[in-house]
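Heads up, final-v5.cif below (mmCIF, C-alpha atoms):
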data_final
#
loop_
_atom_site.label_atom_id
_atom_site.label_comp_id
_atom_site.auth_asym_id
_atom_site.auth_seq_id
_atom_site.Cartn_x
_atom_site.Cartn_y
_atom_site.Cartn_z
CA MET L 1 -11.21 -24.53 -69.70
CA ILE L 2 -8.52 -23.08 -67.47
CA LYS L 3 -5.42 -21.48 -69.05
CA ILE L 4 -2.39 -20.58 -66.98
CA ASN L 5 0.07 -18.01 -68.27
CA ASP L 6 3.83 -18.37 -68.18
CA ALA L 7 4.53 -16.26 -65.07
CA ALA L 8 1.80 -17.89 -63.01
CA TRP L 9 2.80 -21.38 -64.14
CA LYS L 10 6.46 -20.82 -63.27
CA ALA L 11 5.42 -19.63 -59.80
CA MET L 12 3.22 -22.69 -59.26
CA VAL L 13 5.87 -25.18 -60.38
CA ALA L 14 8.60 -23.40 -58.41
CA HIS L 15 6.46 -23.51 -55.26
CA ALA L 16 5.59 -27.19 -55.77
CA GLU L 17 9.23 -28.16 -56.34
CA ALA L 18 10.50 -26.03 -53.44
CA LYS L 19 8.10 -27.68 -50.98
CA PHE L 20 8.87 -31.24 -52.18
CA PRO L 21 8.65 -33.78 -50.52
CA ASN L 22 5.80 -31.94 -48.83
CA GLU L 23 2.58 -30.82 -50.46
CA CYS L 24 2.32 -27.18 -51.43
CA CYS L 25 -0.79 -25.06 -51.96
CA GLY L 26 -1.77 -21.69 -53.29
CA ALA L 27 -4.34 -19.52 -55.02
CA MET L 28 -4.78 -18.85 -58.74
CA ILE L 29 -5.91 -15.37 -59.71
CA GLY L 30 -6.91 -13.92 -63.07
CA SER L 31 -10.01 -13.26 -65.10
CA ILE L 32 -12.94 -15.21 -66.50
CA ASP L 33 -14.33 -14.69 -69.98
CA GLY L 34 -17.27 -16.97 -70.63
CA ASP L 35 -16.09 -20.54 -70.23
CA VAL L 36 -12.40 -19.60 -70.29
CA LYS L 37 -10.52 -18.93 -67.07
CA ASP L 38 -7.23 -17.09 -67.56
CA VAL L 39 -4.83 -17.40 -64.63
CA THR L 40 -2.30 -14.56 -64.66
CA LEU L 41 -1.10 -14.62 -61.05
CA ALA L 42 -0.29 -17.51 -58.72
CA GLN L 43 -0.14 -16.76 -55.02
CA PRO L 44 1.76 -19.40 -53.00
CA LEU L 45 0.12 -19.92 -49.61
CA GLU L 46 1.34 -21.69 -46.50
CA ASN L 47 0.38 -25.31 -46.02
CA ALA L 48 -1.27 -25.02 -42.60
CA TYR L 49 -1.84 -28.75 -42.05
CA ALA L 50 -0.70 -29.45 -38.48
CA GLY L 51 0.69 -32.97 -39.07
CA ALA L 52 3.10 -34.44 -41.61
CA GLN L 53 2.69 -32.54 -44.88
CA GLY L 54 4.02 -35.19 -47.28
CA ALA L 55 0.49 -36.29 -48.10
CA ARG L 56 -1.73 -33.51 -46.74
CA TYR L 57 -2.37 -29.81 -47.17
CA GLU L 58 -4.71 -27.32 -45.61
CA LEU L 59 -5.40 -23.71 -46.53
CA ARG L 60 -6.17 -21.18 -43.83
CA PRO L 61 -9.45 -19.49 -44.77
CA GLU L 62 -8.00 -16.14 -43.70
CA ASP L 63 -5.13 -16.62 -46.17
CA LEU L 64 -7.66 -17.29 -48.90
CA LEU L 65 -9.58 -14.20 -47.82
CA GLU L 66 -6.39 -12.14 -48.17
CA ALA L 67 -5.77 -13.62 -51.62
CA ASP L 68 -9.33 -12.70 -52.61
CA LYS L 69 -8.81 -9.13 -51.35
CA LYS L 70 -5.57 -8.91 -53.32
CA ALA L 71 -7.37 -10.09 -56.45
CA ARG L 72 -10.23 -7.62 -55.99
CA ALA L 73 -7.79 -4.74 -55.42
CA ALA L 74 -6.10 -5.58 -58.73
CA GLY L 75 -9.43 -5.84 -60.56
CA LEU L 76 -8.95 -9.60 -60.88
CA ASP L 77 -10.77 -12.69 -59.65
CA LEU L 78 -9.83 -15.59 -57.41
CA ILE L 79 -10.27 -18.47 -59.87
CA GLY L 80 -8.86 -21.55 -58.25
CA ILE L 81 -6.64 -23.43 -55.87
CA PHE L 82 -3.51 -25.40 -56.65
CA HIS L 83 -1.70 -28.04 -54.64
CA SER L 84 0.93 -30.69 -55.28
CA HIS L 85 1.08 -34.47 -55.01
CA PRO L 86 4.69 -35.43 -54.18
CA ASP L 87 5.81 -38.66 -55.87
CA CYS L 88 2.22 -39.32 -56.86
CA ASP L 89 0.06 -38.74 -59.92
CA ALA L 90 -2.11 -35.66 -60.34
CA TYR L 91 -5.48 -37.20 -59.55
CA PHE L 92 -8.22 -35.86 -57.27
CA SER L 93 -7.97 -38.06 -54.20
CA LYS L 94 -10.72 -39.00 -51.75
CA THR L 95 -9.15 -36.60 -49.24
CA ASP L 96 -9.08 -33.85 -51.86
CA LEU L 97 -12.74 -34.45 -52.68
CA GLU L 98 -13.94 -34.59 -49.08
CA ASN L 99 -12.24 -31.28 -48.28
CA SER L 100 -13.09 -29.41 -51.49
CA CYS L 101 -15.67 -26.83 -52.45
CA PRO L 102 -17.55 -26.56 -55.76
CA TRP L 103 -16.76 -22.93 -56.47
CA TYR L 104 -13.20 -23.11 -57.73
CA SER L 105 -10.96 -24.97 -60.15
CA PHE L 106 -8.55 -27.29 -58.36
CA VAL L 107 -5.23 -27.79 -60.15
CA VAL L 108 -3.11 -30.70 -58.92
CA LEU L 109 0.60 -30.79 -59.82
CA SER L 110 2.43 -34.09 -59.73
CA VAL L 111 6.01 -33.68 -58.54
CA LYS L 112 8.22 -36.74 -58.88
CA GLY L 113 11.73 -36.86 -57.44
CA GLY L 114 11.52 -33.13 -56.82
CA LYS L 115 10.67 -32.21 -60.42
CA PHE L 116 7.31 -31.30 -61.95
CA ASP L 117 5.87 -34.21 -63.92
CA HIS L 118 2.29 -33.45 -65.00
CA ALA L 119 -0.88 -31.67 -63.88
CA ASN L 120 -4.66 -31.88 -64.06
CA SER L 121 -7.56 -29.61 -63.12
CA PHE L 122 -10.79 -30.66 -61.42
CA LEU L 123 -14.22 -29.22 -60.64
CA PRO L 124 -15.75 -30.86 -57.52
CA ASN L 125 -19.51 -30.86 -56.91
CA ALA L 126 -21.29 -29.32 -53.91
CA GLU L 127 -21.87 -32.70 -52.27
CA GLN L 128 -18.12 -33.46 -52.41
CA THR L 129 -18.83 -36.78 -54.10
CA VAL L 130 -17.57 -36.26 -57.67
CA ALA L 131 -14.88 -34.10 -59.28
CA GLU L 132 -15.15 -33.58 -63.01
CA LYS L 133 -11.92 -33.18 -64.95
CA GLU L 134 -11.48 -29.74 -66.53
CA GLU L 135 -9.40 -28.93 -69.60
CA LEU L 136 -6.12 -27.43 -68.40
CA ILE L 137 -3.68 -25.54 -70.60
CA TRP L 138 -0.29 -24.52 -69.29
CA PRO L 139 2.72 -23.10 -71.18
CA LYS L 140 4.34 -25.59 -73.54
CA SER L 141 1.61 -28.15 -72.84
CA MET G 1 -26.55 -1.67 -44.25
CA ALA G 2 -23.75 -4.26 -44.28
CA LYS G 3 -21.74 -5.21 -47.33
CA VAL G 4 -21.49 -8.85 -48.44
CA LEU G 5 -18.60 -9.68 -50.76
CA ILE G 6 -19.57 -12.28 -53.34
CA PRO G 7 -16.84 -14.76 -54.39
CA THR G 8 -16.21 -14.79 -58.15
CA PRO G 9 -17.80 -18.21 -58.87
CA LEU G 10 -21.00 -17.22 -57.01
CA ARG G 11 -21.58 -13.99 -58.91
CA GLN G 12 -23.46 -15.90 -61.60
CA PHE G 13 -26.11 -16.53 -58.93
CA ALA G 14 -26.15 -12.89 -57.78
CA ASP G 15 -26.86 -10.96 -60.98
CA LYS G 16 -23.08 -10.68 -61.48
CA HIS G 17 -22.62 -8.43 -58.43
CA ASP G 18 -19.24 -8.64 -56.72
CA ALA G 19 -20.67 -7.06 -53.56
CA VAL G 20 -24.13 -6.21 -52.29
CA ASP G 21 -25.39 -3.96 -49.49
CA LEU G 22 -27.99 -5.67 -47.32
CA THR G 23 -30.00 -5.07 -44.18
CA GLY G 24 -29.80 -7.17 -41.02
CA THR G 25 -28.62 -6.85 -37.44
CA THR G 26 -27.03 -10.30 -37.19
CA VAL G 27 -25.06 -12.52 -39.57
CA ALA G 28 -28.11 -14.81 -39.91
CA GLU G 29 -30.33 -11.86 -40.86
CA VAL G 30 -27.87 -10.52 -43.41
CA LEU G 31 -27.48 -13.97 -45.00
CA ALA G 32 -31.27 -14.33 -45.05
CA SER G 33 -31.46 -10.99 -46.87
CA LEU G 34 -28.84 -12.24 -49.29
CA THR G 35 -30.65 -15.46 -50.15
CA GLN G 36 -34.01 -13.67 -50.36
CA LYS G 37 -32.53 -11.26 -52.88
CA PHE G 38 -30.71 -14.01 -54.77
CA PRO G 39 -32.53 -17.33 -54.18
CA ASP G 40 -30.11 -19.28 -56.39
CA LEU G 41 -27.37 -18.57 -53.86
CA ARG G 42 -29.20 -20.53 -51.20
CA LYS G 43 -28.26 -24.00 -52.44
CA GLN G 44 -24.67 -22.86 -52.85
CA LEU G 45 -24.41 -21.85 -49.20
CA PHE G 46 -26.89 -24.14 -47.45
CA ASN G 47 -27.70 -27.85 -47.73
CA ASP G 48 -31.18 -29.36 -48.15
CA GLU G 49 -31.69 -29.25 -44.37
CA GLY G 50 -31.05 -25.52 -44.35
CA LYS G 51 -27.70 -25.85 -42.60
CA MET G 52 -24.68 -23.97 -43.86
CA ARG G 53 -22.58 -26.27 -46.02
CA SER G 54 -19.57 -27.69 -44.21
CA PHE G 55 -17.06 -25.92 -46.43
CA VAL G 56 -18.59 -22.44 -46.00
CA ASN G 57 -16.98 -19.98 -43.59
CA VAL G 58 -18.26 -16.49 -42.97
CA TYR G 59 -15.99 -13.67 -41.88
CA LEU G 60 -17.22 -10.46 -40.26
CA ASN G 61 -14.61 -7.97 -41.38
CA ASP G 62 -11.42 -9.96 -40.54
CA ASP G 63 -12.92 -12.34 -37.97
CA ASP G 64 -14.31 -15.84 -38.44
CA ILE G 65 -17.85 -15.81 -36.99
CA ARG G 66 -17.25 -19.30 -35.50
CA TYR G 67 -15.05 -17.54 -32.94
CA LEU G 68 -17.59 -14.75 -32.34
CA GLN G 69 -21.25 -15.63 -31.84
CA LYS G 70 -21.64 -17.72 -35.02
CA ASP G 71 -24.70 -16.67 -37.02
CA ALA G 72 -26.01 -14.67 -34.03
CA THR G 73 -22.99 -12.36 -34.33
CA PRO G 74 -24.21 -8.74 -34.36
CA VAL G 75 -23.64 -6.82 -37.60
CA ALA G 76 -23.35 -3.04 -37.63
CA ALA G 77 -23.75 -0.58 -40.47
CA GLY G 78 -20.55 -0.46 -42.47
CA ASP G 79 -19.47 -4.00 -41.58
CA THR G 80 -18.31 -6.34 -44.33
CA LEU G 81 -19.20 -10.03 -44.54
CA SER G 82 -17.02 -12.34 -46.62
CA ILE G 83 -17.83 -15.90 -47.72
CA VAL G 84 -14.70 -18.06 -47.68
CA PRO G 85 -14.50 -21.82 -48.28
CA SER G 86 -12.59 -24.33 -46.17
CA ILE G 87 -10.15 -26.16 -48.42
CA ALA G 88 -7.74 -29.00 -47.68
CA GLY G 89 -6.71 -32.30 -49.19
CA GLY G 90 -3.95 -34.73 -49.76
CA VAL G 91 -2.86 -37.88 -51.51
#
Rewrite the coordinates I just gave you, this time as structure tokens.
Amino acid sequence: MIKINDAAWKAMVAHAEAKFPNECCGAMIGSIDGDVKDVTLAQPLENAYAGAQGARYELRPEDLLEADKKARAAGLDLIGIFHSHPDCDAYFSKTDLENSCPWYSFVVLSVKGGKFDHANSFLPNAEQTVAEKEELIWPKS
Amino acid sequence: MAKVLIPTPLRQFADKHDAVDLTGTTVAEVLASLTQKFPDLRKQLFNDEGKMRSFVNVYLNDDDIRYLQKDATPVAAGDTLSIVPSIAGGV
């Protein structure tokens, strides 16, 4: 299960809506206690995809490395990645799967007409062939 | 000794360490030391053919080893290796 606190959730939604109609992306930071991941900080990151960003995103590894350093310095953990699907449901697409890694939770936010609509979290496997849905709890959900 | 930073989700395969000090004079040697010490990490980082998984990047301090000498990149005492995934996607 992944739980996102109010401050982190507001930052994620604000970033997703601000980047609409493009895809946004970012890192989720917090702590892990057993099977529960608590996200307490969302770090918006630049979508580095070189082409049109309405249906694509790409994270720079060095940006992720910086986010990991920031988490470590705060005594926290890098838990997951978030990105948005503009005017599209929050599913884990073939492109998402083929460019994923199995180590993190992947939260997808659906943004329709510029406003947040719904979200889901996924756990891809190492072969990038299947992404299992993960229970996601966000404020007021 | 070089330090290898272990990403949070991989610590379960590394006796819960967030970083480990390892011997080796190249990136390949340090990673070999890592997977010898923690064999369960091997399948996380390498595929069945022994090649590094496509989504795995290794940084020596702040530099991507792909732009240095890849896994033959020399490692000195006090250097830090980081394991960082490639991540992208889209609708």
Residues of chain L within 9 Å of chain G, counting all atoms listed in the file, as a ChimeraX atom specification: /L:23,32,49,53-62,64-65,68,77-79,81,83-86,88-89,91-104,126-127
Serialized selection, C-alpha atoms, as a PDB file, in the frame of the given file:
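For reference, out31.pdb as written:
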ATOM      1  CA  GLU L  23       2.580 -30.820 -50.460  1.00  0.00           C
ATOM      2  CA  ILE L  32     -12.940 -15.210 -66.500  1.00  0.00           C
ATOM      3  CA  TYR L  49      -1.840 -28.750 -42.050  1.00  0.00           C
ATOM      4  CA  GLN L  53       2.690 -32.540 -44.880  1.00  0.00           C
ATOM      5  CA  GLY L  54       4.020 -35.190 -47.280  1.00  0.00           C
ATOM      6  CA  ALA L  55       0.490 -36.290 -48.100  1.00  0.00           C
ATOM      7  CA  ARG L  56      -1.730 -33.510 -46.740  1.00  0.00           C
ATOM      8  CA  TYR L  57      -2.370 -29.810 -47.170  1.00  0.00           C
ATOM      9  CA  GLU L  58      -4.710 -27.320 -45.610  1.00  0.00           C
ATOM     10  CA  LEU L  59      -5.400 -23.710 -46.530  1.00  0.00           C
ATOM     11  CA  ARG L  60      -6.170 -21.180 -43.830  1.00  0.00           C
ATOM     12  CA  PRO L  61      -9.450 -19.490 -44.770  1.00  0.00           C
ATOM     13  CA  GLU L  62      -8.000 -16.140 -43.700  1.00  0.00           C
ATOM     14  CA  LEU L  64      -7.660 -17.290 -48.900  1.00  0.00           C
ATOM     15  CA  LEU L  65      -9.580 -14.200 -47.820  1.00  0.00           C
ATOM     16  CA  ASP L  68      -9.330 -12.700 -52.610  1.00  0.00           C
ATOM     17  CA  ASP L  77     -10.770 -12.690 -59.650  1.00  0.00           C
ATOM     18  CA  LEU L  78      -9.830 -15.590 -57.410  1.00  0.00           C
ATOM     19  CA  ILE L  79     -10.270 -18.470 -59.870  1.00  0.00           C
ATOM     20  CA  ILE L  81      -6.640 -23.430 -55.870  1.00  0.00           C
ATOM     21  CA  HIS L  83      -1.700 -28.040 -54.640  1.00  0.00           C
ATOM     22  CA  SER L  84       0.930 -30.690 -55.280  1.00  0.00           C
ATOM     23  CA  HIS L  85       1.080 -34.470 -55.010  1.00  0.00           C
ATOM     24  CA  PRO L  86       4.690 -35.430 -54.180  1.00  0.00           C
ATOM     25  CA  CYS L  88       2.220 -39.320 -56.860  1.00  0.00           C
ATOM     26  CA  ASP L  89       0.060 -38.740 -59.920  1.00  0.00           C
ATOM     27  CA  TYR L  91      -5.480 -37.200 -59.550  1.00  0.00           C
ATOM     28  CA  PHE L  92      -8.220 -35.860 -57.270  1.00  0.00           C
ATOM     29  CA  SER L  93      -7.970 -38.060 -54.200  1.00  0.00           C
ATOM     30  CA  LYS L  94     -10.720 -39.000 -51.750  1.00  0.00           C
ATOM     31  CA  THR L  95      -9.150 -36.600 -49.240  1.00  0.00           C
ATOM     32  CA  ASP L  96      -9.080 -33.850 -51.860  1.00  0.00           C
ATOM     33  CA  LEU L  97     -12.740 -34.450 -52.680  1.00  0.00           C
ATOM     34  CA  GLU L  98     -13.940 -34.590 -49.080  1.00  0.00           C
ATOM     35  CA  ASN L  99     -12.240 -31.280 -48.280  1.00  0.00           C
ATOM     36  CA  SER L 100     -13.090 -29.410 -51.490  1.00  0.00           C
ATOM     37  CA  CYS L 101     -15.670 -26.830 -52.450  1.00  0.00           C
ATOM     38  CA  PRO L 102     -17.550 -26.560 -55.760  1.00  0.00           C
ATOM     39  CA  TRP L 103     -16.760 -22.930 -56.470  1.00  0.00           C
ATOM     40  CA  TYR L 104     -13.200 -23.110 -57.730  1.00  0.00           C
ATOM     41  CA  ALA L 126     -21.290 -29.320 -53.910  1.00  0.00           C
ATOM     42  CA  GLU L 127     -21.870 -32.700 -52.270  1.00  0.00           C
TER      43      GLU L 127
END
Picked residues, the PyMOL selection byres ((chain G and resi 24-39) around 8), as number ranges by chain: G: 1-2, 13-15, 22-23, 40-42, 70-76
Residues from last step as file, C-alpha atoms, as a JSON list (two decimals), in the frame of the given file:
[["chain", "number", "residue", "atom", "x", "y", "z"],
["G", 1, "MET", "CA", -26.55, -1.67, -44.25],
["G", 2, "ALA", "CA", -23.75, -4.26, -44.28],
["G", 13, "PHE", "CA", -26.11, -16.53, -58.93],
["G", 14, "ALA", "CA", -26.15, -12.89, -57.78],
["G", 15, "ASP", "CA", -26.86, -10.96, -60.98],
["G", 22, "LEU", "CA", -27.99, -5.67, -47.32],
["G", 23, "THR", "CA", -30.00, -5.07, -44.18],
["G", 40, "ASP", "CA", -30.11, -19.28, -56.39],
["G", 41, "LEU", "CA", -27.37, -18.57, -53.86],
["G", 42, "ARG", "CA", -29.20, -20.53, -51.20],
["G", 70, "LYS", "CA", -21.64, -17.72, -35.02],
["G", 71, "ASP", "CA", -24.70, -16.67, -37.02],
["G", 72, "ALA", "CA", -26.01, -14.67, -34.03],
["G", 73, "THR", "CA", -22.99, -12.36, -34.33],
["G", 74, "PRO", "CA", -24.21, -8.74, -34.36],
["G", 75, "VAL", "CA", -23.64, -6.82, -37.60],
["G", 76, "ALA", "CA", -23.35, -3.04, -37.63]]
Contacts of L:Ala16 within 8 Å, all atoms listed in the file, excl. fewer than 2 positions in-chain, as a PyMOL selection string: chain L and resi 12-14+18-20+23-25+83-84+109+111+116
Separation of atom CA of L:Leu76 from atom CA of L:Asp63 in Å: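 Value for the atom CA of L:Asp63-atom CA of L:Leu76 distance: 16.7 Å.
When atom CA of L:Asn47 is paired with atom CA of L:Asp117, their separation reads 20.7 Å.
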Residue neighbourhood L:Gln43, 7 Å, only C-alpha atoms, exclusion window fewer than 3 positions, as a ChimeraX atom specification: /L:26-28
Produce the centre coordinates and the three edge lengths, each in Å to one decimal, of the box along x, y and z that contains all listed atoms of stretch 49-53 of chain L with 3 Å added on each side, as AutoDock Vina command-line options.
--center_x 0.6 --center_y -31.6 --center_z -41.7 --size_x 10.9 --size_y 11.7 --size_z 12.4
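For the atom pair formed by atom CA of L:Glu134 and atom CA of L:Glu46, the distance is 25.1 Å, given to one decimal.
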Minimum-distance residue to L:Asn5, chosen among L:Asn120, L:Ser105, L:Thr40, L:Ser110 (using all atoms listed in the file):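 Among L:Asn120, L:Ser105, L:Thr40, L:Ser110, it is L:Thr40 that comes nearest to L:Asn5.
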Matched chain/residue IDs from the PyMOL selection byres ((chain L and resi 122) around 6), as a PyMOL selection string: chain L and resi 105-106+121+123+131-134
Proximity to L:Phe82 - best of L:Pro44, L:Pro124, L:His118, L:Thr129, only C-alpha atoms: L:Pro44
Step by step: locate stretch 62-73 of chain G in the block above, keep all heavy atoms, then write the file as a JSON list (two decimals), in the first residue's frame.
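Everything below was put into selection.json:
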[["chain", "number", "residue", "atom", "x", "y", "z"],
["G", 62, "ASP", "N", 29.34, 12.02, -9.64],
["G", 62, "ASP", "CA", 28.21, 12.66, -10.33],
["G", 62, "ASP", "C", 28.18, 12.34, -11.82],
["G", 62, "ASP", "O", 27.43, 12.98, -12.57],
["G", 62, "ASP", "CB", 28.28, 14.18, -10.13],
["G", 62, "ASP", "CG", 28.00, 14.57, -8.69],
["G", 62, "ASP", "OD1", 27.15, 13.92, -8.05],
["G", 62, "ASP", "OD2", 28.64, 15.51, -8.20],
["G", 63, "ASP", "N", 28.98, 11.38, -12.27],
["G", 63, "ASP", "CA", 29.10, 11.13, -13.71],
["G", 63, "ASP", "C", 28.56, 9.76, -14.10],
["G", 63, "ASP", "O", 28.89, 8.74, -13.48],
["G", 63, "ASP", "CB", 30.56, 11.23, -14.13],
["G", 63, "ASP", "CG", 31.11, 12.64, -13.90],
["G", 63, "ASP", "OD1", 30.42, 13.61, -14.25],
["G", 63, "ASP", "OD2", 32.21, 12.76, -13.35],
["G", 64, "ASP", "N", 27.77, 9.74, -15.17],
["G", 64, "ASP", "CA", 27.25, 8.51, -15.74],
["G", 64, "ASP", "C", 28.41, 7.74, -16.37],
["G", 64, "ASP", "O", 29.11, 8.28, -17.24],
["G", 64, "ASP", "CB", 26.20, 8.88, -16.81],
["G", 64, "ASP", "CG", 25.42, 7.68, -17.33],
["G", 64, "ASP", "OD1", 25.95, 6.56, -17.28],
["G", 64, "ASP", "OD2", 24.29, 7.90, -17.80],
["G", 65, "ILE", "N", 28.60, 6.49, -15.96],
["G", 65, "ILE", "CA", 29.76, 5.73, -16.48],
["G", 65, "ILE", "C", 29.67, 5.47, -17.97],
["G", 65, "ILE", "O", 30.67, 5.17, -18.60],
["G", 65, "ILE", "CB", 29.98, 4.39, -15.73],
["G", 65, "ILE", "CG1", 28.80, 3.44, -15.95],
["G", 65, "ILE", "CG2", 30.26, 4.63, -14.25],
["G", 65, "ILE", "CD1", 29.10, 2.00, -15.58],
["G", 66, "ARG", "N", 28.46, 5.59, -18.57],
["G", 66, "ARG", "CA", 28.34, 5.41, -20.03],
["G", 66, "ARG", "C", 29.17, 6.44, -20.77],
["G", 66, "ARG", "O", 29.59, 6.22, -21.91],
["G", 66, "ARG", "CB", 26.89, 5.54, -20.48],
["G", 66, "ARG", "CG", 26.02, 4.36, -20.13],
["G", 66, "ARG", "CD", 24.60, 4.58, -20.57],
["G", 66, "ARG", "NE", 24.04, 5.78, -19.96],
["G", 66, "ARG", "CZ", 22.82, 6.24, -20.20],
["G", 66, "ARG", "NH1", 22.05, 5.61, -21.05],
["G", 66, "ARG", "NH2", 22.38, 7.33, -19.60],
["G", 67, "TYR", "N", 29.38, 7.61, -20.12],
["G", 67, "TYR", "CA", 30.14, 8.68, -20.76],
["G", 67, "TYR", "C", 31.59, 8.71, -20.27],
["G", 67, "TYR", "O", 32.33, 9.63, -20.58],
["G", 67, "TYR", "CB", 29.45, 10.03, -20.53],
["G", 67, "TYR", "CG", 28.01, 10.00, -21.01],
["G", 67, "TYR", "CD1", 26.95, 10.08, -20.11],
["G", 67, "TYR", "CD2", 27.72, 9.84, -22.36],
["G", 67, "TYR", "CE1", 25.64, 10.01, -20.54],
["G", 67, "TYR", "CE2", 26.41, 9.77, -22.80],
["G", 67, "TYR", "CZ", 25.38, 9.86, -21.89],
["G", 67, "TYR", "OH", 24.09, 9.78, -22.34],
["G", 68, "LEU", "N", 31.96, 7.72, -19.47],
["G", 68, "LEU", "CA", 33.36, 7.56, -19.04],
["G", 68, "LEU", "C", 33.90, 6.33, -19.78],
["G", 68, "LEU", "O", 33.93, 6.34, -21.00],
["G", 68, "LEU", "CB", 33.41, 7.41, -17.51],
["G", 68, "LEU", "CG", 32.84, 8.62, -16.73],
["G", 68, "LEU", "CD1", 32.77, 8.31, -15.24],
["G", 68, "LEU", "CD2", 33.68, 9.86, -16.97],
["G", 69, "GLN", "N", 34.26, 5.31, -19.07],
["G", 69, "GLN", "CA", 34.75, 4.09, -19.74],
["G", 69, "GLN", "C", 33.85, 2.91, -19.41],
["G", 69, "GLN", "O", 34.32, 1.78, -19.29],
["G", 69, "GLN", "CB", 36.19, 3.81, -19.29],
["G", 69, "GLN", "CG", 37.18, 4.91, -19.70],
["G", 69, "GLN", "CD", 38.55, 4.71, -19.08],
["G", 69, "GLN", "OE1", 39.16, 3.65, -19.22],
["G", 69, "GLN", "NE2", 39.05, 5.73, -18.40],
["G", 70, "LYS", "N", 32.55, 3.19, -19.26],
["G", 70, "LYS", "CA", 31.55, 2.16, -18.93],
["G", 70, "LYS", "C", 32.02, 1.34, -17.72],
["G", 70, "LYS", "O", 32.53, 1.92, -16.77],
["G", 70, "LYS", "CB", 31.24, 1.33, -20.16],
["G", 70, "LYS", "CG", 30.69, 2.23, -21.28],
["G", 70, "LYS", "CD", 30.30, 1.45, -22.51],
["G", 70, "LYS", "CE", 29.76, 2.44, -23.56],
["G", 70, "LYS", "NZ", 29.49, 1.83, -24.85],
["G", 71, "ASP", "N", 31.87, 0.02, -17.77],
["G", 71, "ASP", "CA", 32.21, -0.72, -16.55],
["G", 71, "ASP", "C", 33.72, -0.89, -16.34],
["G", 71, "ASP", "O", 34.15, -1.39, -15.32],
["G", 71, "ASP", "CB", 31.48, -2.07, -16.47],
["G", 71, "ASP", "CG", 31.85, -3.02, -17.59],
["G", 71, "ASP", "OD1", 32.69, -2.65, -18.44],
["G", 71, "ASP", "OD2", 31.31, -4.14, -17.59],
["G", 72, "ALA", "N", 34.52, -0.41, -17.34],
["G", 72, "ALA", "CA", 35.98, -0.41, -17.15],
["G", 72, "ALA", "C", 36.45, 0.90, -16.51],
["G", 72, "ALA", "O", 37.66, 1.11, -16.32],
["G", 72, "ALA", "CB", 36.67, -0.61, -18.50],
["G", 73, "THR", "N", 35.52, 1.77, -16.16],
["G", 73, "THR", "CA", 35.88, 3.06, -15.54],
["G", 73, "THR", "C", 36.66, 2.82, -14.24],
["G", 73, "THR", "O", 36.20, 2.07, -13.38],
["G", 73, "THR", "CB", 34.60, 3.87, -15.24],
["G", 73, "THR", "OG1", 33.90, 4.08, -16.47],
["G", 73, "THR", "CG2", 34.95, 5.21, -14.61]]
